[in-house]
Amino acid sequence: MRKIDLVVIGGGPAGMGAAVAAYDAGVKDILVLERDHRLGGILEQCIHNGFGLHRFKEELTGPEYAWRFEKELRAREIPFRLNTMVLDITSDRVITAMNSEEGVFQIQAGAIILAMGCRERPRGALNTAGTRPAGIYTAGTAQRFINIMGYMPGKKVVILGSGDIGLIMARRMTWEGAEVKMVLELMPYSGGLTRNIVQCLQDNDIPLLLSHTIVEVHGKERVTGVTIAQVDEKRQPMMETARFVECDTVLLSVGLLPENELTKKADVPLDRMTSGALVDQRRMTEVPGIFACGNVLHVHDLVDYVSEESEIAGRGAAAFLQAGGAKDDCHITVKPGKGVRYTLPQRICAEEETTVFFRVTDVHQAVKVVVKAGDQVLQAKKRPRVAPGEMETVKLTAKLLAEHKDQTLTIELEEA
Amino acid sequence: MYDVAIIGAGVIGSMVARELARYQLSVVVLEGAHDVAMGTTKANSAIVHAGFDAVVGTLKAKLNVAGSEAMEEVCRELGVKYQRNGSLVVAYRPQDMEKVRELYDRGQKNGVRGLEVIGQEELRKMEPAISEEAVGALYAPTGAIVCPYELNIASIGNAMDNGVELKVEYKVTSIEKKDDAYEISNGTEKVQARFVVNAAGMYADHVAAMVGDTSFSLYPRKGQYMLLDHDCVGSITHTLFNVPNELGKGILVSPTVDQNLLLGPTAENQEDREDMATTAEGLQMVQTNALKVVPSVNLRGVITAFAGLRAVGSTGDFILTSPMKGFWNAAGIESPGLSSAPAIAKYLVNGMAKQGLELVEKADFNPIRPALHDFSKMSIEEKNEMIRKNPLYGHIICRCESISEGEIVDAIRQNPPARDIDGVKRRTRAGMGRCQGGFCGPMVTEILAKEMQIPMEQVTKFGGGSYMNVGRTREEQSHEKD
């Protein structure tokens, strides 16, 4: 069986960033496996701008952002295979992959970085009643039809879910001449970035109906309309508010799910809250030598954060290989406390400065982000506003970590 | 002039067609929809019933047991997945065990093999995830599961490979008896045949009325279902029915041959023969009842919900009648219709033979239809052999179910050819997985357009006006003008 030091599964921003970082940290024998016919992942269909503000201090389109990383990959002559599907990985790091040229082949990898991204929740996951006509798409599918293939999925659109892709597609379809009637959001707040609500909806006079959902889809062949209704605090539709809205297309932007089917095949334990692997501060999963980064690990709102995380994973994999595959003892556990949905990483194995990413459960104004060990408050930081749609971070210093070995750190919100 | 015209390419019409394909006959199948398997066959419980449920002495009882016995061999020949997983009719109250014993007795009279009444302990051993309320069950080891549309597609495909003709989008509007033949019309094209089989599913009573037979009527009964992802099957191996009691029939929980978990159906009588919409109440009822059977069932794993219609006949039994020489009804084929299908086909062919249809065997009849390549289940060597012959097998289009471009192209080229997105889905499972075509939908649209040599905007989800796209984007239009 062919042996390769580091195999990166996925050639999107996470995979490319990880491969480049691992290379720069001294790993030269790398292979990137990408299922699509080009590198870049989902960024290739994200032709709007706004990418890279954090990292490059400029506004790039998705393909431009991806190209920055592809250039780095190419400059280092890191090999990659396109149109290649990974069919299986094992916990002892045997990868089975397939493409048209080489057929099915296996690789024994020294380390693996999982960077397969995420997928959109489909209608079925929502239990929306009604018929099953043509014209119901996830926002990402509509984006592919329009931006990659040049076809309009419909002309009169209702969008369910105010995730970022839904907001972006509301604007995109409007610009392409479609009538976007409204964006419905089940929650009392949007899951998207504020800038997208302003630029995509408000600038195009598209109403955002909070605490609303679709209760029934109509139409036999093609969608002819939807019945919408307001929901109560328990998110149950109030049928007295139900009304019919005519449309030929329903776009769903109701959440993203890390795509961890391969991860499960390798028996990598997952976090129920992130739907991604449990990792340490280097982004190593609980299976030694298997790392994860990007949206396969947890869903990010900015690709800039994906790049940051992929570099951590790339360097982590390099360190793992250079240490001959030794596994550090993890002695600090990081857990979400009150008001926090998840934290990442979930474990810390070294006393080095670590940024913990987390998401809150609700919208709050003026809160304190508190790091605790037991009842002891270790540090607190004021935040004017937090929302589930925007990832938060807290930095833990090397000193703090050294002082709290073998302890559980909790990250929670307190009233400021 | 055909020897036989079959109206309807559901599982009954298709199995009759395959049965007739054995003989030196000219046979045509007329299907109103854009594809085969679009009516009652498309959405049902996918069960091959053992045969203990039907009333003793009815056609349902007789043909269910015979069909169930024949099914495994039919599936083997047709390359269709079939699994004799056994079924359990579970009682949740001590007083319901009486009904279990009643079903046992009825099964014995119907000639069902291997039935057993089992107690709580044994039941728990067989199905550890079952509700703690369960007190016992009827165990039917001959109960099985099969995919109804796969069986349907394979039957008509094999019939076509052996010379049967299929006309889709042929909606019969009139039938006229002429001397020794029937003249069928859809308003524009006439088809003449000596024998007619009316397997028109939900509309079989309308078709029968075209020749003056108003001896029965049909009414639709809706069944709503939920389908769960592969990892939700867990330890469940049997088909779990409820003992019917005064509280209702409950719903079944069953693995499918494709290793999903199926929950349902509801049973709602309605007027509309087209309404297959799910309802909030119906889906709620399915969930609530599924939790009563298997409390640990992971409802977050639902990947789709759908509804189907059963064509319930006014007689209570299958309506396999010949109101006039040469014309045969196959109507009211509700449950256990799928289970009985192989036996119904033989019954009808025998009936026609008695009325003078000459059954002279074809020397070159080939009963075998190779399975649509179950590529994902092949060994590495087999896969590489396939990819060497056709590199398209190495290109995965549907990630969730690992379906390659080669398999999709095959489905469009083989009998009966897939002509729309749902047709590809039913034949290959591309789009059947957890993302429900989110990733592969655009690519399958492209492959269909290319293979069928039609513009992208003419590709449909299931024929008619179910277009996937409504035209080019502005940007593309401006390029086209340049």
# chains A, B, ... in the order shown; residues from 1 in each chain; ligands from 1
>>> residues_around(residues="region 451-453 of chain B", least_positions_apart="4", cutoff="9 Å", atoms="only C-alpha atoms", output="PyMOL selection string")
chain B and resi 409+412-413+419+446-447
>>> write_last_selection(atoms="N, CA and C atoms", output="PDB file, in the first residue's frame")
ATOM      1  N   VAL B 409     -25.943   7.242 -15.944  1.00  0.00           N
ATOM      2  CA  VAL B 409     -26.059   7.133 -17.401  1.00  0.00           C
ATOM      3  C   VAL B 409     -26.724   5.805 -17.772  1.00  0.00           C
ATOM      4  N   ILE B 412     -30.413   5.954 -17.479  1.00  0.00           N
ATOM      5  CA  ILE B 412     -31.076   6.726 -18.539  1.00  0.00           C
ATOM      6  C   ILE B 412     -31.121   5.915 -19.844  1.00  0.00           C
ATOM      7  N   ARG B 413     -30.156   5.002 -19.984  1.00  0.00           N
ATOM      8  CA  ARG B 413     -30.083   4.240 -21.242  1.00  0.00           C
ATOM      9  C   ARG B 413     -30.792   2.899 -21.176  1.00  0.00           C
ATOM     10  N   ARG B 419     -36.251   9.339 -17.256  1.00  0.00           N
ATOM     11  CA  ARG B 419     -36.455  10.527 -18.080  1.00  0.00           C
ATOM     12  C   ARG B 419     -36.534  11.787 -17.254  1.00  0.00           C
ATOM     13  N   GLU B 446     -27.899  18.080 -15.327  1.00  0.00           N
ATOM     14  CA  GLU B 446     -26.967  18.238 -16.453  1.00  0.00           C
ATOM     15  C   GLU B 446     -26.803  16.924 -17.237  1.00  0.00           C
ATOM     16  N   ILE B 447     -26.684  15.823 -16.503  1.00  0.00           N
ATOM     17  CA  ILE B 447     -26.490  14.521 -17.160  1.00  0.00           C
ATOM     18  C   ILE B 447     -27.743  14.154 -17.962  1.00  0.00           C
TER      19      ILE B 447
END
>>> interface_residues(of="chain A", to="chain B", cutoff="8 Å", atoms="only C-alpha atoms", output="number ranges by chain")
A: 83-85, 98-101, 103-104, 119-125, 127-135, 137-138, 140-141, 144-146, 150-155, 176-177, 215-216, 221-222
>>> atom_distance(atom1="CA of Asn85 (chain B)", atom2="CA of Gly234 (chain B)")
14.5 Å
>>> residues_around(residues="region 298-304 of chain A", least_positions_apart="3", cutoff="7 Å", atoms="only C-alpha atoms", output="ChimeraX atom specification")
/A:51-52,54-55,256,258,274-276,294-295,307-308,390-391
>>> select_by_dssp(residues="region 144-313 of chain B", states="helix (DSSP H, G or I)", output="ChimeraX atom specification")
/B:148-161,201-210,230-232,280-293,299-301
>>> residues_around(residues="Tyr23 (chain B)", least_positions_apart="5", cutoff="8 Å", atoms="only C-alpha atoms", output="list in words")
Leu359, Val360, Glu361, Lys362 and Phe365 of chain B
>>> write_last_selection(atoms="C-alpha atoms", output="PDB file, in the first residue's frame")
ATOM      1  CA  LEU B 359     -49.351 -19.159 -24.424  1.00  0.00           C
ATOM      2  CA  VAL B 360     -46.558 -20.483 -26.627  1.00  0.00           C
ATOM      3  CA  GLU B 361     -43.251 -20.119 -24.848  1.00  0.00           C
ATOM      4  CA  LYS B 362     -40.498 -18.036 -26.406  1.00  0.00           C
ATOM      5  CA  PHE B 365     -37.017 -15.477 -23.068  1.00  0.00           C
TER       6      PHE B 365
END
>>> select_by_dssp(residues="region 186-413 of chain B", states="strand (DSSP E)", output="PDB file with C-alpha atoms, in the first residue's frame")
ATOM      1  CA  LYS B 190     -55.193   4.534 -31.085  1.00  0.00           C
ATOM      2  CA  VAL B 191     -53.986   1.158 -29.869  1.00  0.00           C
ATOM      3  CA  GLN B 192     -55.761  -2.083 -30.762  1.00  0.00           C
ATOM      4  CA  ALA B 193     -55.465  -5.255 -28.743  1.00  0.00           C
ATOM      5  CA  ARG B 194     -57.284  -8.577 -28.430  1.00  0.00           C
ATOM      6  CA  PHE B 195     -56.917  -8.558 -24.649  1.00  0.00           C
ATOM      7  CA  VAL B 196     -56.865  -5.655 -22.229  1.00  0.00           C
ATOM      8  CA  VAL B 197     -55.588  -5.699 -18.645  1.00  0.00           C
ATOM      9  CA  ASN B 198     -56.862  -2.814 -16.586  1.00  0.00           C
ATOM     10  CA  LEU B 218     -62.464   2.781  -5.790  1.00  0.00           C
ATOM     11  CA  TYR B 219     -61.679   5.324  -3.176  1.00  0.00           C
ATOM     12  CA  PRO B 220     -58.324   6.654  -2.136  1.00  0.00           C
ATOM     13  CA  ARG B 221     -56.879   6.127   1.305  1.00  0.00           C
ATOM     14  CA  LYS B 222     -53.875   8.249   2.084  1.00  0.00           C
ATOM     15  CA  GLY B 223     -50.881   6.930   3.978  1.00  0.00           C
ATOM     16  CA  GLN B 224     -48.209   9.281   5.235  1.00  0.00           C
ATOM     17  CA  TYR B 225     -44.705   8.096   5.932  1.00  0.00           C
ATOM     18  CA  MET B 226     -41.394   9.300   7.251  1.00  0.00           C
ATOM     19  CA  LEU B 227     -38.056   7.956   6.111  1.00  0.00           C
ATOM     20  CA  LEU B 228     -35.028   8.075   8.384  1.00  0.00           C
ATOM     21  CA  THR B 239     -40.879  -5.222  10.488  1.00  0.00           C
ATOM     22  CA  LEU B 240     -42.792  -4.153  13.579  1.00  0.00           C
ATOM     23  CA  PHE B 241     -46.580  -3.996  13.263  1.00  0.00           C
ATOM     24  CA  ASN B 242     -49.042  -3.215  16.031  1.00  0.00           C
ATOM     25  CA  LEU B 252     -45.300   0.105  11.385  1.00  0.00           C
ATOM     26  CA  VAL B 253     -41.632   0.626  12.013  1.00  0.00           C
ATOM     27  CA  SER B 254     -39.440  -1.222   9.563  1.00  0.00           C
ATOM     28  CA  PRO B 255     -35.996  -1.210   8.080  1.00  0.00           C
ATOM     29  CA  LEU B 261     -35.940   3.203   8.686  1.00  0.00           C
ATOM     30  CA  LEU B 262     -39.529   3.621   7.503  1.00  0.00           C
ATOM     31  CA  LEU B 263     -42.302   4.873   9.800  1.00  0.00           C
ATOM     32  CA  GLY B 264     -45.948   4.951   8.827  1.00  0.00           C
ATOM     33  CA  GLU B 268     -57.009   8.632   5.850  1.00  0.00           C
ATOM     34  CA  ASN B 269     -59.934   8.214   3.505  1.00  0.00           C
ATOM     35  CA  VAL B 302     -35.786  12.106   9.272  1.00  0.00           C
ATOM     36  CA  ILE B 303     -34.619  12.738   5.731  1.00  0.00           C
ATOM     37  CA  THR B 304     -37.978  12.940   3.998  1.00  0.00           C
ATOM     38  CA  ALA B 305     -41.695  12.581   4.485  1.00  0.00           C
ATOM     39  CA  PHE B 306     -44.151  11.504   1.802  1.00  0.00           C
ATOM     40  CA  ALA B 307     -47.637  10.194   1.263  1.00  0.00           C
ATOM     41  CA  GLY B 308     -49.085   7.542  -0.988  1.00  0.00           C
ATOM     42  CA  LEU B 309     -52.614   6.494  -1.892  1.00  0.00           C
ATOM     43  CA  ARG B 310     -54.068   3.015  -1.607  1.00  0.00           C
ATOM     44  CA  ALA B 311     -56.774   2.217  -4.129  1.00  0.00           C
ATOM     45  CA  VAL B 312     -59.365   0.720  -1.832  1.00  0.00           C
ATOM     46  CA  GLY B 313     -61.982  -1.295  -3.666  1.00  0.00           C
ATOM     47  CA  PHE B 327     -61.066  -7.508 -20.728  1.00  0.00           C
ATOM     48  CA  TRP B 328     -59.545  -8.076 -17.285  1.00  0.00           C
ATOM     49  CA  ASN B 329     -59.639  -5.882 -14.240  1.00  0.00           C
ATOM     50  CA  ILE B 396     -19.177   9.882  -7.838  1.00  0.00           C
ATOM     51  CA  ILE B 397     -22.160  12.183  -8.383  1.00  0.00           C
ATOM     52  CA  CYS B 398     -24.289  11.437  -5.323  1.00  0.00           C
ATOM     53  CA  ILE B 403     -23.685   6.789  -6.818  1.00  0.00           C
ATOM     54  CA  SER B 404     -21.428   7.232  -9.839  1.00  0.00           C
TER      55      SER B 404
END
>>> closest_residue(among="A:Leu73, A:Ile47, A:Ile290, A:Ala178", to="Gly325 (chain A)", atoms="only C-alpha atoms")
A:Ile290
>>> atom_distance(atom1="CA of Gly332 (chain B)", atom2="CA of Gly248 (chain B)")
22.1 Å
>>> closest_residue(among="A:Met187, A:Met273, A:Ala313, A:Met284", to="Asp232 (chain A)", atoms="only C-alpha atoms")
A:Met187
>>> residues_around(residues="Glu240 (chain A)", least_positions_apart="6", cutoff="12 Å", atoms="only C-alpha atoms", output="list in words")
Thr227, Ile228, Ala229, Gln230, Val231 and Asp232 of chain A
